[in-house]
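A short worksheet on the structure shown next.
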Amino acid sequence: MSNSGSTLTTTPHRGRTGETILRITARVVGFVILVTLSVTFVVPFLWQVILSLSSLADVDRIALLGVPPTVHPESYVRVFEIVAYAKAFFNSFFIAGWVTLLQVVTSAMAAFAFSRLQWPGRDRLFLLYLATMMIPGVVLMVPNFALILSLGLFNTYAGLIIPAAFSAYGTFLLRQFMLTIPSSLDEAAAIDGAGPVRIFLDVILPLTRPGLIVLTIFTFLGNYNSFFWPLVLIKDENLRTLPIALRAFDTTYGTDTPALMAASLMAMIPPIIIFILLQRYLVKGIQLGAVKG
Amino acid sequence: MTVGSTRSRLLFALAFLLPNLLGFLVFTAGPVLASFGMSLTDLSIAKHNFYSDEQVEFIGLENYENILVGPESQQFFWPYFGNTVFLMLGIPLGIAGSLAISLLITAKIPPTKTANRGVLSAIVVVLTIVAAFAVWHATQPGDRPPGEELVLSVESGLSDMSTWQVERLRAVTATLATIGVGVLAILGLTVGSLFFRTAFYLPSLLAGVPMFLLWKTLYRPDGGLINAVLDPIIDGTHAVVTATPALLWQGLGVLLALASLGLAGRSVYTGVERVIHREAGASSFVGRLVLVLTMLAIAGGLVLVIYHLPASAAAAAAEGTQGFNPPEWLVSTTWAKPALIVMGVWLGVGGANMLLYIAGISNIPPELYEAADIDGANQWQRFINVTWPQLAPTTFFIVIMSTIGGLQGGFEQALIMTDGLYDTTVLTYYIYNLAFEDEFQLGLASAVAWVMFAIIFTMTVINYRFGSKLTNE
């Protein structure tokens, strides 16, 4: 199938017109299927927009009408009046931002030690890192909860940020990137008298840029959407992240569908912007096996 | 770098490693050991806290016994495990969908030449405008007649609006929908495959609480979009089925069953023949078998539905409802899990798996297709003999990752959309309930986590042994 269109650009030979017509038909059918699929992927978002703009009275009959009889953008304002939604936006960005910064820095440093420095026991320790990546997250939930409680970090920003600031996965990913950098580069720098710190900052980090960007995007998006830890650790309304605020909104004011849809739509916008701006890195990262699991 | 003494090199390495290693030991390695230790105790925050001086007791494997064979296991663990496995039925569907979509995207369907793109886009723009005008003229109710506000709509839910108003809104909807489809087609032509890839990827990027809340409104039995679309379709089916003899549908079912069995048999036979004549290895046969069995399962489901259509139509008529009743989705024990599966497939079909398949397909050496063309292979033969075996390593990786994810997944969806009601509680939800909702029974919850670990580990080993056979040709 993957080459079906490649001969279309050459002039068809006499007697092969039938075949060409067949191929064009196949492409038209394929295109219609693609457009139909994209309709099913777009319609739920349009539905969300339409619901967010309807009046409370019209929400339940939008499915019968299509477009709302009157447009009510004030739901978008109501969200911020009912719950501390602006604070939730801030919290989500604040927590995801700190986690991303710390995780990228600690992972890059560790990846450097694992890929560019020679020291006894290095490969054995790295194997231990790899082994823990196989352990499902559910095993860590309970002891980490107990640990956070005993450290006095329950219901604090630090309780959400510090445990997430270290990642065996990030170390692994950046090590893979650093291994592709030719060792002649840092050897040359070492001959010129550069120490490990200089080599790390001036040689390795700039060349690992694509890897750093991939890890930044995945960590940020993963933590922006993170639900479980904020659900378990945060009780204070002022510390709620977006997913928690949305859930609270749903359980308390769930009947206000327009405001609920406005809130969920607004929460989806930052990832969409990040994706469209950095699409090329994201796709590359996923194809390198950087699937955050 | 091998500069400096062993001692100084170790010190430098430790300096770089320290922040990460510290976090790793405190929040990963330590907790893993602690978790196993906790699973052997009766630790519970309700019992052991600042205000009580009760000692945490070592109870050996008692927690595991309670979970797996105790009197409560039939009420909790096993049903929850069943729900988890049921929801994982979406995995093969999603993988098949990802593969199909990747094949479409890599088939270079939108024209690659700028000139061709321009001409085709112009044609579609004109077509869209014409179609939009046509739809508007066909559906709009004309000028507002005097006194129209007195002619109220008789449809339930719309009875406070006039017929004219309802018709007009529907005409606007139909016209906008036509324009929308046209815009998507134009984007597909001008941006090309990248547009479709982006559109299909967005749902998986946005999977999370906001998305689950959106789907909760889509699934509303009354006023939800899905049933609004489904209702006329299933009512139409009902009308057609009741108007035609039952034998027709049963015959159609039998024919479809025979046809799919025949095709499957032929494909398996070809595979066996190849193994006997040593044209291909046993692994290629296993790969072929997996594909045939998946397709057979899908066809089987379809056959059952078609065969039973007349009986279900009669049953619906006997109950006195008009047409078939649409499912109640998230508020019904029968349909809640299928609803979560459908949403899961929609969310995941264009996600990471699709991107992995696209990468896999573009890495297939073109010579293989050229060789297949010389042998006179048709599209299906090209797929089953070249594409599918070449993608085996990708499929293998996707199956392993999805199985691991599937066994642990399903918690967020259930909590947000059903509160775990209607048999949607999964194993992770069980841990959440035990550890964080009821009595904070941390020991018992840890034991469930280790049982899950054992299941995941076993599944991964099975996948690995089966899959390495499949991929090492």
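The way I read the labels, and the way they are meant: chains A, B, ... in the order of the structure tokens, residue 1 as the first residue of every chain, and ligand 1 as the first ligand shown, with later ones counted on from there.
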Could you give me, as a PyMOL selection string, each residue of stretch 248-347 of chain B that DSSP assigns to helix (DSSP H, G or I) when run on this structure's backbone?
-> chain B and resi 248-276+282-318+329-331+336-347
Would you list the contacts of A:Asn223 as a PDB file with C-alpha atoms, in the first residue's frame, taking every protein, DNA or RNA residue within 12 Å and counting only C-alpha atoms, but skipping same-chain residues closer than 6 positions in sequence?
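File produced: result_12.pdb:
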```pdb
ATOM      1  CA  ASN A  91      -0.431  25.606  40.585  1.00  0.00           C
ATOM      2  CA  SER A  92      -0.323  23.295  37.587  1.00  0.00           C
ATOM      3  CA  PHE A  93       2.257  25.429  35.810  1.00  0.00           C
ATOM      4  CA  PHE A  94       4.254  26.013  38.994  1.00  0.00           C
ATOM      5  CA  ILE A  95       4.444  22.323  39.938  1.00  0.00           C
ATOM      6  CA  ALA A  96       4.984  20.982  36.417  1.00  0.00           C
ATOM      7  CA  GLY A  97       7.587  23.707  35.806  1.00  0.00           C
ATOM      8  CA  TRP A  98       9.631  22.925  38.912  1.00  0.00           C
ATOM      9  CA  VAL A  99       9.404  19.161  38.406  1.00  0.00           C
ATOM     10  CA  THR A 100      10.547  19.563  34.804  1.00  0.00           C
ATOM     11  CA  LEU A 101      13.453  21.838  35.691  1.00  0.00           C
ATOM     12  CA  GLN A 103      14.194  16.394  36.598  1.00  0.00           C
ATOM     13  CA  LEU A 160       4.341  17.047  44.855  1.00  0.00           C
ATOM     14  CA  ILE A 161       7.611  18.410  43.475  1.00  0.00           C
ATOM     15  CA  ALA A 164       8.940  13.682  41.107  1.00  0.00           C
ATOM     16  CA  ALA A 165      12.234  15.526  40.625  1.00  0.00           C
ATOM     17  CA  LEU A 215      12.529  15.182  28.059  1.00  0.00           C
ATOM     18  CA  THR A 216      11.306  18.691  28.909  1.00  0.00           C
ATOM     19  CA  ILE A 217       8.156  18.313  26.818  1.00  0.00           C
ATOM     20  CA  TRP A 229      -0.483  12.355  43.466  1.00  0.00           C
ATOM     21  CA  PRO A 230      -2.307  15.686  43.676  1.00  0.00           C
ATOM     22  CA  THR A 241      -3.867  21.518  40.345  1.00  0.00           C
ATOM     23  CA  LEU A 242      -6.061  21.779  37.226  1.00  0.00           C
ATOM     24  CA  PRO A 243      -7.178  18.116  37.108  1.00  0.00           C
ATOM     25  CA  PRO A 271      -0.756  21.262  25.776  1.00  0.00           C
ATOM     26  CA  LYS A 292       6.328   7.923  29.154  1.00  0.00           C
TER      27      LYS A 292
ATOM     28  CA  GLY B 208      -6.628  13.262  31.131  1.00  0.00           C
TER      29      GLY B 208
END
```
Separation of atom CA of A:Gln118 and atom CA of A:Leu130, in Å?
->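 Atom CA of A:Leu130 lies at a distance of 18.6 Å from atom CA of A:Gln118.
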Can you tell me, as a PDB file with C-alpha atoms, in the first residue's frame, what residues are no more than 12 Å from B:Pro232 when counting only C-alpha atoms, ignoring any on the same chain fewer than 3 positions away?
```
ATOM      1  CA  LEU A  64     -31.292  17.835  18.936  1.00  0.00           C
TER       2      LEU A  64
ATOM      3  CA  ILE B 226     -23.351   9.793  20.874  1.00  0.00           C
ATOM      4  CA  ASN B 227     -26.920   8.672  21.477  1.00  0.00           C
ATOM      5  CA  ALA B 228     -28.262  11.553  19.396  1.00  0.00           C
ATOM      6  CA  VAL B 229     -26.269  10.212  16.439  1.00  0.00           C
ATOM      7  CA  ASP B 235     -34.141   2.949  14.835  1.00  0.00           C
ATOM      8  CA  GLY B 236     -33.647   2.785  11.074  1.00  0.00           C
ATOM      9  CA  THR B 237     -32.011  -0.612  11.442  1.00  0.00           C
ATOM     10  CA  HIS B 238     -34.932  -1.730  13.564  1.00  0.00           C
ATOM     11  CA  ALA B 239     -37.424  -0.625  10.931  1.00  0.00           C
ATOM     12  CA  GLN B 322     -40.014   2.594  19.476  1.00  0.00           C
ATOM     13  CA  GLY B 323     -37.104   0.988  17.620  1.00  0.00           C
ATOM     14  CA  PHE B 324     -34.064  -0.187  19.551  1.00  0.00           C
ATOM     15  CA  ASN B 325     -33.229   1.502  22.823  1.00  0.00           C
ATOM     16  CA  PRO B 326     -29.858   3.219  22.673  1.00  0.00           C
TER      17      PRO B 326
END
```
Might you pull out every residue within 12 Å of B:Phe396, with only C-alpha atoms counted and same-chain residues fewer than 3 positions away left off, and present them as a PyMOL selection string?
-> chain B and resi 92+95+287+290+353+356-357+360+388-393+399-403+460+462-472
Write to file, as a PDB file, in the first residue's frame, the residues of the selection just made, with N, CA and C atoms.
```
ATOM      1  N   PRO B  92      -6.122  -4.905  21.591  1.00  0.00           N
ATOM      2  CA  PRO B  92      -5.974  -5.375  20.201  1.00  0.00           C
ATOM      3  C   PRO B  92      -6.721  -4.502  19.205  1.00  0.00           C
ATOM      4  N   ILE B  95      -4.623  -1.423  18.630  1.00  0.00           N
ATOM      5  CA  ILE B  95      -3.414  -1.692  17.850  1.00  0.00           C
ATOM      6  C   ILE B  95      -3.774  -1.882  16.380  1.00  0.00           C
ATOM      7  N   GLY B 287       2.973 -15.221  13.091  1.00  0.00           N
ATOM      8  CA  GLY B 287       2.522 -13.860  12.845  1.00  0.00           C
ATOM      9  C   GLY B 287       1.235 -13.838  12.035  1.00  0.00           C
ATOM     10  N   VAL B 290      -1.712 -14.923  14.184  1.00  0.00           N
ATOM     11  CA  VAL B 290      -2.195 -13.874  15.084  1.00  0.00           C
ATOM     12  C   VAL B 290      -3.148 -12.950  14.331  1.00  0.00           C
ATOM     13  N   ASN B 353       1.448   4.802  19.500  1.00  0.00           N
ATOM     14  CA  ASN B 353       1.503   3.581  18.690  1.00  0.00           C
ATOM     15  C   ASN B 353       1.472   3.902  17.206  1.00  0.00           C
ATOM     16  N   LEU B 356       4.811   5.165  16.159  1.00  0.00           N
ATOM     17  CA  LEU B 356       5.785   4.072  16.074  1.00  0.00           C
ATOM     18  C   LEU B 356       5.576   3.264  14.796  1.00  0.00           C
ATOM     19  N   TYR B 357       4.304   3.002  14.460  1.00  0.00           N
ATOM     20  CA  TYR B 357       4.017   2.255  13.231  1.00  0.00           C
ATOM     21  C   TYR B 357       4.447   3.052  11.994  1.00  0.00           C
ATOM     22  N   GLY B 360       8.012   2.675  11.710  1.00  0.00           N
ATOM     23  CA  GLY B 360       8.321   1.308  11.291  1.00  0.00           C
ATOM     24  C   GLY B 360       8.079   1.111   9.802  1.00  0.00           C
ATOM     25  N   TRP B 388       3.495  -6.697   7.274  1.00  0.00           N
ATOM     26  CA  TRP B 388       3.196  -7.265   8.589  1.00  0.00           C
ATOM     27  C   TRP B 388       4.408  -7.950   9.217  1.00  0.00           C
ATOM     28  N   PRO B 389       5.121  -8.855   8.502  1.00  0.00           N
ATOM     29  CA  PRO B 389       6.312  -9.442   9.138  1.00  0.00           C
ATOM     30  C   PRO B 389       7.403  -8.414   9.432  1.00  0.00           C
ATOM     31  N   GLN B 390       7.550  -7.394   8.571  1.00  0.00           N
ATOM     32  CA  GLN B 390       8.582  -6.392   8.819  1.00  0.00           C
ATOM     33  C   GLN B 390       8.252  -5.538  10.038  1.00  0.00           C
ATOM     34  N   LEU B 391       6.952  -5.418  10.343  1.00  0.00           N
ATOM     35  CA  LEU B 391       6.550  -4.595  11.485  1.00  0.00           C
ATOM     36  C   LEU B 391       6.507  -5.398  12.781  1.00  0.00           C
ATOM     37  N   ALA B 392       6.830  -6.692  12.716  1.00  0.00           N
ATOM     38  CA  ALA B 392       6.702  -7.544  13.908  1.00  0.00           C
ATOM     39  C   ALA B 392       7.430  -6.981  15.130  1.00  0.00           C
ATOM     40  N   PRO B 393       8.667  -6.477  15.007  1.00  0.00           N
ATOM     41  CA  PRO B 393       9.315  -5.930  16.202  1.00  0.00           C
ATOM     42  C   PRO B 393       8.542  -4.754  16.800  1.00  0.00           C
ATOM     43  N   VAL B 399       2.726  -4.258  21.936  1.00  0.00           N
ATOM     44  CA  VAL B 399       1.915  -5.195  22.726  1.00  0.00           C
ATOM     45  C   VAL B 399       2.435  -5.235  24.164  1.00  0.00           C
ATOM     46  N   ILE B 400       3.747  -5.309  24.335  1.00  0.00           N
ATOM     47  CA  ILE B 400       4.311  -5.368  25.696  1.00  0.00           C
ATOM     48  C   ILE B 400       3.960  -4.103  26.476  1.00  0.00           C
ATOM     49  N   MET B 401       4.196  -2.928  25.869  1.00  0.00           N
ATOM     50  CA  MET B 401       3.930  -1.682  26.575  1.00  0.00           C
ATOM     51  C   MET B 401       2.440  -1.529  26.885  1.00  0.00           C
ATOM     52  N   SER B 402       1.568  -1.929  25.928  1.00  0.00           N
ATOM     53  CA  SER B 402       0.131  -1.765  26.167  1.00  0.00           C
ATOM     54  C   SER B 402      -0.346  -2.710  27.251  1.00  0.00           C
ATOM     55  N   THR B 403       0.234  -3.916  27.305  1.00  0.00           N
ATOM     56  CA  THR B 403      -0.194  -4.858  28.339  1.00  0.00           C
ATOM     57  C   THR B 403       0.182  -4.324  29.715  1.00  0.00           C
ATOM     58  N   THR B 460       4.596 -10.057  30.954  1.00  0.00           N
ATOM     59  CA  THR B 460       5.715  -9.570  30.156  1.00  0.00           C
ATOM     60  C   THR B 460       6.614 -10.726  29.724  1.00  0.00           C
ATOM     61  N   ILE B 462       5.690 -13.866  29.318  1.00  0.00           N
ATOM     62  CA  ILE B 462       4.972 -14.623  28.281  1.00  0.00           C
ATOM     63  C   ILE B 462       5.069 -13.900  26.942  1.00  0.00           C
ATOM     64  N   ASN B 463       4.764 -12.585  26.964  1.00  0.00           N
ATOM     65  CA  ASN B 463       4.861 -11.786  25.740  1.00  0.00           C
ATOM     66  C   ASN B 463       6.244 -11.903  25.134  1.00  0.00           C
ATOM     67  N   TYR B 464       7.238 -11.825  26.008  1.00  0.00           N
ATOM     68  CA  TYR B 464       8.608 -11.800  25.531  1.00  0.00           C
ATOM     69  C   TYR B 464       8.983 -13.114  24.857  1.00  0.00           C
ATOM     70  N   ARG B 465       8.626 -14.234  25.499  1.00  0.00           N
ATOM     71  CA  ARG B 465       8.987 -15.537  24.936  1.00  0.00           C
ATOM     72  C   ARG B 465       8.261 -15.762  23.612  1.00  0.00           C
ATOM     73  N   PHE B 466       6.958 -15.389  23.611  1.00  0.00           N
ATOM     74  CA  PHE B 466       6.153 -15.553  22.409  1.00  0.00           C
ATOM     75  C   PHE B 466       6.636 -14.602  21.322  1.00  0.00           C
ATOM     76  N   GLY B 467       6.892 -13.362  21.740  1.00  0.00           N
ATOM     77  CA  GLY B 467       7.233 -12.312  20.779  1.00  0.00           C
ATOM     78  C   GLY B 467       8.622 -12.486  20.190  1.00  0.00           C
ATOM     79  N   SER B 468       9.587 -12.963  20.984  1.00  0.00           N
ATOM     80  CA  SER B 468      10.933 -13.087  20.422  1.00  0.00           C
ATOM     81  C   SER B 468      10.945 -14.189  19.370  1.00  0.00           C
ATOM     82  N   LYS B 469      10.051 -15.168  19.530  1.00  0.00           N
ATOM     83  CA  LYS B 469       9.913 -16.186  18.484  1.00  0.00           C
ATOM     84  C   LYS B 469       9.420 -15.530  17.193  1.00  0.00           C
ATOM     85  N   LEU B 470       8.472 -14.591  17.417  1.00  0.00           N
ATOM     86  CA  LEU B 470       7.804 -13.969  16.280  1.00  0.00           C
ATOM     87  C   LEU B 470       8.729 -13.031  15.520  1.00  0.00           C
ATOM     88  N   THR B 471       9.624 -12.372  16.247  1.00  0.00           N
ATOM     89  CA  THR B 471      10.405 -11.321  15.604  1.00  0.00           C
ATOM     90  C   THR B 471      11.772 -11.792  15.114  1.00  0.00           C
ATOM     91  N   ASN B 472      12.281 -12.883  15.673  1.00  0.00           N
ATOM     92  CA  ASN B 472      13.626 -13.319  15.261  1.00  0.00           C
ATOM     93  C   ASN B 472      13.559 -14.268  14.084  1.00  0.00           C
TER      94      ASN B 472
END
```
For atom CA of B:Leu434 and atom CA of B:Ala34, quote the distance in Å rounded to one decimal.
->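 Atom-to-atom, atom CA of B:Leu434 to atom CA of B:Ala34, that is 17.5 Å.
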